[in-house]
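Okay, so here's the structure we're looking at.
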Amino acid sequence: MSGVWFFRNNGVMRLVENPQAEGSEARQGSKRKVLVYLPTGEVVNSYTFLERILIGLGWERYYEGDPDLYQFHKHCSIDLISLPRDFSKFSSVNMYDIVMKNPNVFHVRQVSVS
């Protein structure tokens, strides 16, 4: 992950991956990041699809945490994947978290949006 972290007064931070390109991307056609499931090459486009994959990898839904988050954990580790309940708010930070906790299974790619 590269970019600039912006901190607000309330302690919340936000990653801007390329702050100089934000304005120019609108003129040149923007790009967005997608999470790719490497064994099939499919783009993860829903939590239903992601949950099926994660369960196959030994992850389980975690229901005791924040109700605003969609969470998964593994019994054999302390890892916890926390995702926004709304898939439209699924960001590159969430994608990289999944990639780091599942090496060689997922990859983040940048695609052009037309």
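Order determines the names: the first chain of the structure tokens is A, the second B, and so forth; residues in each chain are numbered 1 upward, and ligands are numbered 1 upward as they are shown.
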task: Compile the contact shell of A:Ser88 as a PyMOL selection string: residues with an atom at most 10 Å away, counting only C-alpha atoms, same-chain residues fewer than 3 positions apart removed.
output: chain A and resi 45-46+84-85+91
Keeping only C-alpha atoms, write those residues as a PDB file, in the first residue's frame.
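Writing done, so here's selection_3.pdb:
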```pdb
ATOM      1  CA  ASN A  45     -17.908  -8.728  -6.568  1.00  0.00           C
ATOM      2  CA  SER A  46     -20.021  -9.636  -3.526  1.00  0.00           C
ATOM      3  CA  PRO A  84     -17.859  -2.711   6.138  1.00  0.00           C
ATOM      4  CA  ARG A  85     -21.341  -4.226   6.043  1.00  0.00           C
ATOM      5  CA  SER A  91     -12.011  -0.452  -0.174  1.00  0.00           C
TER       6      SER A  91
END
```
message: as an MDAnalysis selection string, please: every residue in chain A that a backbone DSSP assignment puts in alpha helix (DSSP H).
response: chainID A and resid 21:28 47:56 92:101
Just to be explicit: take each residue in the selection above, keep N, CA, C and O atoms, and write the result as a short mmCIF file (atom, residue, chain, number, x, y, z; two decimals), in the first residue's frame.
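Saved file out17.cif follows:
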```cif
data_model
loop_
_atom_site.label_atom_id
_atom_site.label_comp_id
_atom_site.auth_asym_id
_atom_site.auth_seq_id
_atom_site.Cartn_x
_atom_site.Cartn_y
_atom_site.Cartn_z
N ALA A 21 -2.82 12.35 -8.37
CA ALA A 21 -3.54 11.82 -9.53
C ALA A 21 -5.05 11.87 -9.37
O ALA A 21 -5.77 11.63 -10.32
N GLU A 22 -5.54 12.17 -8.17
CA GLU A 22 -6.99 12.17 -7.97
C GLU A 22 -7.71 13.09 -8.95
O GLU A 22 -8.70 12.72 -9.54
N GLY A 23 -7.22 14.28 -9.16
CA GLY A 23 -7.86 15.21 -10.09
C GLY A 23 -7.64 14.82 -11.53
O GLY A 23 -8.53 14.93 -12.36
N SER A 24 -6.46 14.32 -11.87
CA SER A 24 -6.16 13.98 -13.26
C SER A 24 -6.85 12.71 -13.71
O SER A 24 -7.12 12.53 -14.89
N GLU A 25 -7.14 11.79 -12.78
CA GLU A 25 -7.82 10.55 -13.17
C GLU A 25 -9.20 10.82 -13.73
O GLU A 25 -9.67 10.14 -14.62
N ALA A 26 -9.88 11.82 -13.21
CA ALA A 26 -11.21 12.14 -13.71
C ALA A 26 -11.14 12.57 -15.17
O ALA A 26 -12.04 12.28 -15.95
N ARG A 27 -10.07 13.24 -15.54
CA ARG A 27 -9.92 13.68 -16.93
C ARG A 27 -9.48 12.54 -17.84
O ARG A 27 -9.83 12.47 -18.99
N GLN A 28 -8.66 11.61 -17.33
CA GLN A 28 -8.08 10.56 -18.17
C GLN A 28 -8.85 9.26 -18.13
O GLN A 28 -8.48 8.32 -18.81
N TYR A 47 -20.11 -10.04 -1.17
CA TYR A 47 -19.73 -10.70 0.07
C TYR A 47 -20.15 -12.17 0.05
O TYR A 47 -19.52 -13.01 0.69
N THR A 48 -21.19 -12.50 -0.67
CA THR A 48 -21.61 -13.91 -0.78
C THR A 48 -20.49 -14.73 -1.40
O THR A 48 -20.14 -15.80 -0.89
N PHE A 49 -19.93 -14.24 -2.50
CA PHE A 49 -18.84 -14.93 -3.17
C PHE A 49 -17.60 -14.98 -2.27
O PHE A 49 -16.97 -16.02 -2.12
N LEU A 50 -17.26 -13.87 -1.63
CA LEU A 50 -16.09 -13.81 -0.75
C LEU A 50 -16.27 -14.76 0.44
O LEU A 50 -15.33 -15.47 0.81
N GLU A 51 -17.45 -14.79 1.02
CA GLU A 51 -17.70 -15.67 2.17
C GLU A 51 -17.51 -17.13 1.79
O GLU A 51 -16.91 -17.90 2.54
N ARG A 52 -17.99 -17.53 0.62
CA ARG A 52 -17.81 -18.92 0.15
C ARG A 52 -16.33 -19.27 0.07
O ARG A 52 -15.91 -20.35 0.50
N ILE A 53 -15.53 -18.37 -0.46
CA ILE A 53 -14.10 -18.61 -0.59
C ILE A 53 -13.44 -18.68 0.79
O ILE A 53 -12.67 -19.61 1.08
N LEU A 54 -13.73 -17.71 1.64
CA LEU A 54 -13.11 -17.67 2.96
C LEU A 54 -13.47 -18.89 3.81
O LEU A 54 -12.61 -19.44 4.51
N ILE A 55 -14.70 -19.34 3.74
CA ILE A 55 -15.11 -20.53 4.48
C ILE A 55 -14.32 -21.75 3.98
O ILE A 55 -13.86 -22.57 4.77
N GLY A 56 -14.11 -21.83 2.67
CA GLY A 56 -13.30 -22.91 2.11
C GLY A 56 -11.86 -22.87 2.56
O GLY A 56 -11.16 -23.89 2.56
N SER A 92 -9.74 -0.60 -0.96
CA SER A 92 -8.46 -1.26 -1.18
C SER A 92 -7.79 -1.64 0.14
O SER A 92 -7.07 -2.64 0.21
N VAL A 93 -8.02 -0.89 1.20
CA VAL A 93 -7.46 -1.25 2.51
C VAL A 93 -8.02 -2.59 2.94
O VAL A 93 -7.28 -3.47 3.42
N ASN A 94 -9.32 -2.81 2.76
CA ASN A 94 -9.93 -4.10 3.09
C ASN A 94 -9.38 -5.22 2.21
O ASN A 94 -9.13 -6.33 2.67
N MET A 95 -9.18 -4.90 0.93
CA MET A 95 -8.65 -5.90 -0.01
C MET A 95 -7.25 -6.34 0.40
O MET A 95 -6.95 -7.54 0.43
N TYR A 96 -6.38 -5.37 0.73
CA TYR A 96 -5.02 -5.71 1.12
C TYR A 96 -4.99 -6.48 2.43
O TYR A 96 -4.13 -7.34 2.65
N ASP A 97 -5.92 -6.21 3.33
CA ASP A 97 -6.03 -6.97 4.57
C ASP A 97 -6.31 -8.44 4.26
O ASP A 97 -5.69 -9.34 4.84
N ILE A 98 -7.22 -8.70 3.34
CA ILE A 98 -7.54 -10.07 2.94
C ILE A 98 -6.34 -10.73 2.27
O ILE A 98 -6.02 -11.89 2.55
N VAL A 99 -5.65 -10.00 1.40
CA VAL A 99 -4.47 -10.55 0.72
C VAL A 99 -3.39 -10.93 1.73
O VAL A 99 -2.79 -12.01 1.63
N MET A 100 -3.13 -10.07 2.71
CA MET A 100 -2.08 -10.33 3.69
C MET A 100 -2.41 -11.54 4.57
O MET A 100 -1.51 -12.27 4.97
N LYS A 101 -3.67 -11.76 4.84
CA LYS A 101 -4.06 -12.86 5.71
C LYS A 101 -4.31 -14.16 4.95
O LYS A 101 -4.54 -15.20 5.56
#
```
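By chain and then residue number, the residues within 7 Å of stretch 37-43 of chain A are Val34, Val105, Phe106 and His107 of chain A, counting only C-alpha atoms and disregarding those fewer than 3 positions away in sequence.
For the atom pair formed by atom CA of A:Val36 and atom CA of A:Ile78, the distance is 24.3 Å, given to one decimal.
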query: Neighbours of A:Asp68 within 12 Å (only C-alpha atoms; same-chain residues fewer than 4 positions away dropped), as a PyMOL selection string?
result: chain A and resi 63-64+82-87+89
Got time to write the residues from that selection, N, CA and C atoms, as a PDB file, in the first residue's frame?
```pdb
ATOM      1  N   TYR A  63     -19.691 -13.328  14.805  1.00  0.00           N
ATOM      2  CA  TYR A  63     -20.909 -12.567  15.054  1.00  0.00           C
ATOM      3  C   TYR A  63     -20.862 -11.733  16.331  1.00  0.00           C
ATOM      4  N   GLU A  64     -19.809 -11.862  17.141  1.00  0.00           N
ATOM      5  CA  GLU A  64     -19.780 -11.203  18.441  1.00  0.00           C
ATOM      6  C   GLU A  64     -19.204  -9.801  18.410  1.00  0.00           C
ATOM      7  N   SER A  82     -12.174  -7.686   9.188  1.00  0.00           N
ATOM      8  CA  SER A  82     -13.330  -6.825   9.445  1.00  0.00           C
ATOM      9  C   SER A  82     -13.615  -6.007   8.194  1.00  0.00           C
ATOM     10  N   LEU A  83     -14.832  -6.117   7.702  1.00  0.00           N
ATOM     11  CA  LEU A  83     -15.235  -5.454   6.463  1.00  0.00           C
ATOM     12  C   LEU A  83     -16.476  -4.603   6.713  1.00  0.00           C
ATOM     13  N   PRO A  84     -16.631  -3.502   5.985  1.00  0.00           N
ATOM     14  CA  PRO A  84     -17.859  -2.711   6.138  1.00  0.00           C
ATOM     15  C   PRO A  84     -19.062  -3.541   5.682  1.00  0.00           C
ATOM     16  N   ARG A  85     -20.156  -3.427   6.385  1.00  0.00           N
ATOM     17  CA  ARG A  85     -21.341  -4.226   6.043  1.00  0.00           C
ATOM     18  C   ARG A  85     -21.825  -3.944   4.615  1.00  0.00           C
ATOM     19  N   ASP A  86     -21.670  -2.728   4.154  1.00  0.00           N
ATOM     20  CA  ASP A  86     -22.089  -2.326   2.809  1.00  0.00           C
ATOM     21  C   ASP A  86     -20.947  -2.614   1.831  1.00  0.00           C
ATOM     22  N   PHE A  87     -21.160  -3.512   0.865  1.00  0.00           N
ATOM     23  CA  PHE A  87     -20.101  -3.900  -0.075  1.00  0.00           C
ATOM     24  C   PHE A  87     -19.616  -2.716  -0.912  1.00  0.00           C
ATOM     25  N   LYS A  89     -18.753   0.003   0.121  1.00  0.00           N
ATOM     26  CA  LYS A  89     -17.699   0.667   0.893  1.00  0.00           C
ATOM     27  C   LYS A  89     -16.466  -0.223   1.065  1.00  0.00           C
TER      28      LYS A  89
END
```
query: Mind pulling up the distance from atom CA of A:Tyr62 to atom CA of A:His75?
result: 10.6 Å
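Omitting A:Ser77 and its sequence neighbours fewer than 5 positions away, and counting only C-alpha atoms, the residues within 12 Å are Gly58, Trp59, Glu60, Phe72 and Lys101 of chain A.
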Could you save those same residues with N, CA, C and O atoms as a JSON list (two decimals), in the first residue's frame?
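Printed below is result32.json as written:
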```
[["chain", "number", "residue", "atom", "x", "y", "z"],
["A", 58, "GLY", "N", -10.99, -22.00, 5.61],
["A", 58, "GLY", "CA", -10.96, -22.22, 7.06],
["A", 58, "GLY", "C", -11.41, -21.04, 7.90],
["A", 58, "GLY", "O", -11.33, -21.09, 9.13],
["A", 59, "TRP", "N", -11.87, -19.97, 7.29],
["A", 59, "TRP", "CA", -12.39, -18.82, 8.03],
["A", 59, "TRP", "C", -13.83, -19.08, 8.42],
["A", 59, "TRP", "O", -14.55, -19.82, 7.75],
["A", 60, "GLU", "N", -14.27, -18.48, 9.51],
["A", 60, "GLU", "CA", -15.66, -18.59, 9.98],
["A", 60, "GLU", "C", -16.21, -17.19, 10.23],
["A", 60, "GLU", "O", -15.47, -16.28, 10.58],
["A", 72, "PHE", "N", -14.79, -12.09, 9.93],
["A", 72, "PHE", "CA", -14.39, -13.49, 9.81],
["A", 72, "PHE", "C", -13.18, -13.72, 10.71],
["A", 72, "PHE", "O", -12.35, -12.83, 10.88],
["A", 101, "LYS", "N", -3.67, -11.76, 4.84],
["A", 101, "LYS", "CA", -4.06, -12.86, 5.71],
["A", 101, "LYS", "C", -4.31, -14.16, 4.95],
["A", 101, "LYS", "O", -4.54, -15.20, 5.56]]
```
Where does DSSP see strand (DSSP E) in chain A, if you list the residues as an mmCIF file with N, CA, C and O atoms, in the first residue's frame?
```
data_model
loop_
_atom_site.group_PDB
_atom_site.id
_atom_site.type_symbol
_atom_site.label_atom_id
_atom_site.label_comp_id
_atom_site.auth_asym_id
_atom_site.auth_seq_id
_atom_site.Cartn_x
_atom_site.Cartn_y
_atom_site.Cartn_z
ATOM 1 N N VAL A 4 -0.842 8.508 0.870
ATOM 2 C CA VAL A 4 -0.734 9.462 1.959
ATOM 3 C C VAL A 4 -1.899 9.236 2.912
ATOM 4 O O VAL A 4 -3.046 9.139 2.485
ATOM 5 N N TRP A 5 -1.576 9.140 4.213
ATOM 6 C CA TRP A 5 -2.610 9.009 5.230
ATOM 7 C C TRP A 5 -3.016 10.404 5.694
ATOM 8 O O TRP A 5 -2.166 11.204 6.063
ATOM 9 N N PHE A 6 -4.307 10.697 5.658
ATOM 10 C CA PHE A 6 -4.840 11.953 6.152
ATOM 11 C C PHE A 6 -5.556 11.684 7.467
ATOM 12 O O PHE A 6 -6.395 10.784 7.548
ATOM 13 N N PHE A 7 -5.228 12.451 8.503
ATOM 14 C CA PHE A 7 -5.831 12.290 9.815
ATOM 15 C C PHE A 7 -6.782 13.450 10.073
ATOM 16 O O PHE A 7 -6.423 14.610 9.905
ATOM 17 N N MET A 13 -8.628 8.127 10.235
ATOM 18 C CA MET A 13 -7.664 8.366 9.166
ATOM 19 C C MET A 13 -8.178 7.761 7.863
ATOM 20 O O MET A 13 -9.013 6.869 7.861
ATOM 21 N N ARG A 14 -7.633 8.281 6.765
ATOM 22 C CA ARG A 14 -8.051 7.841 5.437
ATOM 23 C C ARG A 14 -6.822 7.793 4.553
ATOM 24 O O ARG A 14 -5.986 8.692 4.577
ATOM 25 N N LEU A 15 -6.695 6.720 3.759
ATOM 26 C CA LEU A 15 -5.573 6.575 2.840
ATOM 27 C C LEU A 15 -5.967 7.100 1.470
ATOM 28 O O LEU A 15 -6.956 6.656 0.890
ATOM 29 N N VAL A 16 -5.206 8.054 0.968
ATOM 30 C CA VAL A 16 -5.360 8.519 -0.404
ATOM 31 C C VAL A 16 -4.170 7.940 -1.141
ATOM 32 O O VAL A 16 -3.018 8.288 -0.869
ATOM 33 N N LYS A 31 -9.416 4.762 -12.569
ATOM 34 C CA LYS A 31 -9.096 3.358 -12.333
ATOM 35 C C LYS A 31 -9.546 3.015 -10.929
ATOM 36 O O LYS A 31 -9.586 3.869 -10.056
ATOM 37 N N ARG A 32 -9.884 1.774 -10.731
ATOM 38 C CA ARG A 32 -10.252 1.333 -9.396
ATOM 39 C C ARG A 32 -9.586 -0.008 -9.139
ATOM 40 O O ARG A 32 -9.152 -0.683 -10.064
ATOM 41 N N LYS A 33 -9.527 -0.375 -7.889
ATOM 42 C CA LYS A 33 -8.895 -1.633 -7.522
ATOM 43 C C LYS A 33 -9.967 -2.681 -7.290
ATOM 44 O O LYS A 33 -11.059 -2.386 -6.816
ATOM 45 N N VAL A 34 -9.617 -3.908 -7.669
ATOM 46 C CA VAL A 34 -10.517 -5.039 -7.461
ATOM 47 C C VAL A 34 -9.740 -6.163 -6.797
ATOM 48 O O VAL A 34 -8.529 -6.281 -6.967
ATOM 49 N N LEU A 35 -10.445 -6.985 -6.046
ATOM 50 C CA LEU A 35 -9.863 -8.158 -5.410
ATOM 51 C C LEU A 35 -10.097 -9.351 -6.326
ATOM 52 O O LEU A 35 -11.232 -9.624 -6.713
ATOM 53 N N VAL A 36 -9.020 -10.041 -6.679
ATOM 54 C CA VAL A 36 -9.110 -11.175 -7.598
ATOM 55 C C VAL A 36 -8.798 -12.461 -6.838
ATOM 56 O O VAL A 36 -7.804 -12.534 -6.104
ATOM 57 N N TYR A 37 -9.637 -13.468 -7.018
ATOM 58 C CA TYR A 37 -9.413 -14.797 -6.459
ATOM 59 C C TYR A 37 -8.533 -15.550 -7.447
ATOM 60 O O TYR A 37 -8.950 -15.878 -8.558
ATOM 61 N N GLU A 42 -11.309 -14.945 -10.919
ATOM 62 C CA GLU A 42 -12.557 -14.194 -10.811
ATOM 63 C C GLU A 42 -12.398 -12.987 -9.886
ATOM 64 O O GLU A 42 -11.691 -13.046 -8.885
ATOM 65 N N VAL A 43 -13.089 -11.911 -10.231
ATOM 66 C CA VAL A 43 -13.123 -10.724 -9.388
ATOM 67 C C VAL A 43 -14.166 -10.941 -8.299
ATOM 68 O O VAL A 43 -15.281 -11.388 -8.572
ATOM 69 N N GLU A 60 -14.273 -18.481 9.515
ATOM 70 C CA GLU A 60 -15.659 -18.588 9.982
ATOM 71 C C GLU A 60 -16.209 -17.194 10.233
ATOM 72 O O GLU A 60 -15.468 -16.280 10.579
ATOM 73 N N ARG A 61 -17.519 -17.058 10.061
ATOM 74 C CA ARG A 61 -18.149 -15.767 10.386
ATOM 75 C C ARG A 61 -18.010 -15.520 11.876
ATOM 76 O O ARG A 61 -18.111 -16.427 12.692
ATOM 77 N N TYR A 62 -17.768 -14.291 12.232
ATOM 78 C CA TYR A 62 -17.631 -13.867 13.617
ATOM 79 C C TYR A 62 -18.778 -12.909 13.903
ATOM 80 O O TYR A 62 -18.867 -11.840 13.310
ATOM 81 N N LEU A 69 -20.083 -4.261 11.108
ATOM 82 C CA LEU A 69 -19.014 -4.907 10.336
ATOM 83 C C LEU A 69 -19.377 -6.349 10.003
ATOM 84 O O LEU A 69 -20.110 -7.014 10.724
ATOM 85 N N TYR A 70 -18.853 -6.796 8.907
ATOM 86 C CA TYR A 70 -18.962 -8.180 8.451
ATOM 87 C C TYR A 70 -17.602 -8.781 8.780
ATOM 88 O O TYR A 70 -16.592 -8.367 8.204
ATOM 89 N N GLN A 71 -17.544 -9.747 9.743
ATOM 90 C CA GLN A 71 -16.262 -10.208 10.243
ATOM 91 C C GLN A 71 -16.063 -11.712 10.086
ATOM 92 O O GLN A 71 -17.016 -12.485 10.141
ATOM 93 N N PHE A 72 -14.787 -12.088 9.928
ATOM 94 C CA PHE A 72 -14.387 -13.489 9.812
ATOM 95 C C PHE A 72 -13.180 -13.717 10.710
ATOM 96 O O PHE A 72 -12.348 -12.827 10.877
ATOM 97 N N HIS A 73 -13.082 -14.921 11.276
ATOM 98 C CA HIS A 73 -11.919 -15.269 12.084
ATOM 99 C C HIS A 73 -11.550 -16.726 11.842
ATOM 100 O O HIS A 73 -12.328 -17.504 11.293
ATOM 101 N N LEU A 80 -8.336 -11.529 12.394
ATOM 102 C CA LEU A 80 -9.734 -11.159 12.234
ATOM 103 C C LEU A 80 -9.828 -10.265 11.007
ATOM 104 O O LEU A 80 -9.076 -9.309 10.874
ATOM 105 N N ILE A 81 -10.719 -10.612 10.104
ATOM 106 C CA ILE A 81 -10.984 -9.775 8.932
ATOM 107 C C ILE A 81 -12.262 -9.002 9.221
ATOM 108 O O ILE A 81 -13.303 -9.601 9.478
ATOM 109 N N SER A 82 -12.174 -7.686 9.188
ATOM 110 C CA SER A 82 -13.330 -6.825 9.445
ATOM 111 C C SER A 82 -13.615 -6.007 8.194
ATOM 112 O O SER A 82 -12.745 -5.292 7.707
ATOM 113 N N LEU A 83 -14.832 -6.117 7.702
ATOM 114 C CA LEU A 83 -15.235 -5.454 6.463
ATOM 115 C C LEU A 83 -16.476 -4.603 6.713
ATOM 116 O O LEU A 83 -17.309 -4.958 7.551
ATOM 117 N N PRO A 84 -16.631 -3.502 5.985
ATOM 118 C CA PRO A 84 -17.859 -2.711 6.138
ATOM 119 C C PRO A 84 -19.062 -3.541 5.682
ATOM 120 O O PRO A 84 -18.960 -4.322 4.733
ATOM 121 N N PHE A 106 -5.334 -14.466 -3.019
ATOM 122 C CA PHE A 106 -5.966 -13.261 -3.557
ATOM 123 C C PHE A 106 -4.893 -12.308 -4.066
ATOM 124 O O PHE A 106 -3.734 -12.373 -3.665
ATOM 125 N N HIS A 107 -5.326 -11.402 -4.935
ATOM 126 C CA HIS A 107 -4.446 -10.367 -5.477
ATOM 127 C C HIS A 107 -5.288 -9.123 -5.729
ATOM 128 O O HIS A 107 -6.450 -9.238 -6.124
ATOM 129 N N VAL A 108 -4.709 -7.948 -5.508
ATOM 130 C CA VAL A 108 -5.405 -6.703 -5.807
ATOM 131 C C VAL A 108 -4.893 -6.189 -7.133
ATOM 132 O O VAL A 108 -3.691 -6.094 -7.351
ATOM 133 N N ARG A 109 -5.813 -5.906 -8.039
ATOM 134 C CA ARG A 109 -5.461 -5.388 -9.365
ATOM 135 C C ARG A 109 -6.169 -4.075 -9.614
ATOM 136 O O ARG A 109 -7.260 -3.826 -9.108
ATOM 137 N N GLN A 110 -5.550 -3.264 -10.448
ATOM 138 C CA GLN A 110 -6.158 -1.996 -10.840
ATOM 139 C C GLN A 110 -6.774 -2.172 -12.222
ATOM 140 O O GLN A 110 -6.139 -2.703 -13.127
ATOM 141 N N VAL A 111 -8.034 -1.757 -12.349
ATOM 142 C CA VAL A 111 -8.722 -1.868 -13.629
ATOM 143 C C VAL A 111 -9.253 -0.502 -14.035
ATOM 144 O O VAL A 111 -9.555 0.342 -13.193
ATOM 145 N N SER A 112 -9.348 -0.296 -15.320
ATOM 146 C CA SER A 112 -9.895 0.967 -15.844
ATOM 147 C C SER A 112 -11.409 0.945 -15.758
ATOM 148 O O SER A 112 -12.042 -0.063 -16.015
#
```
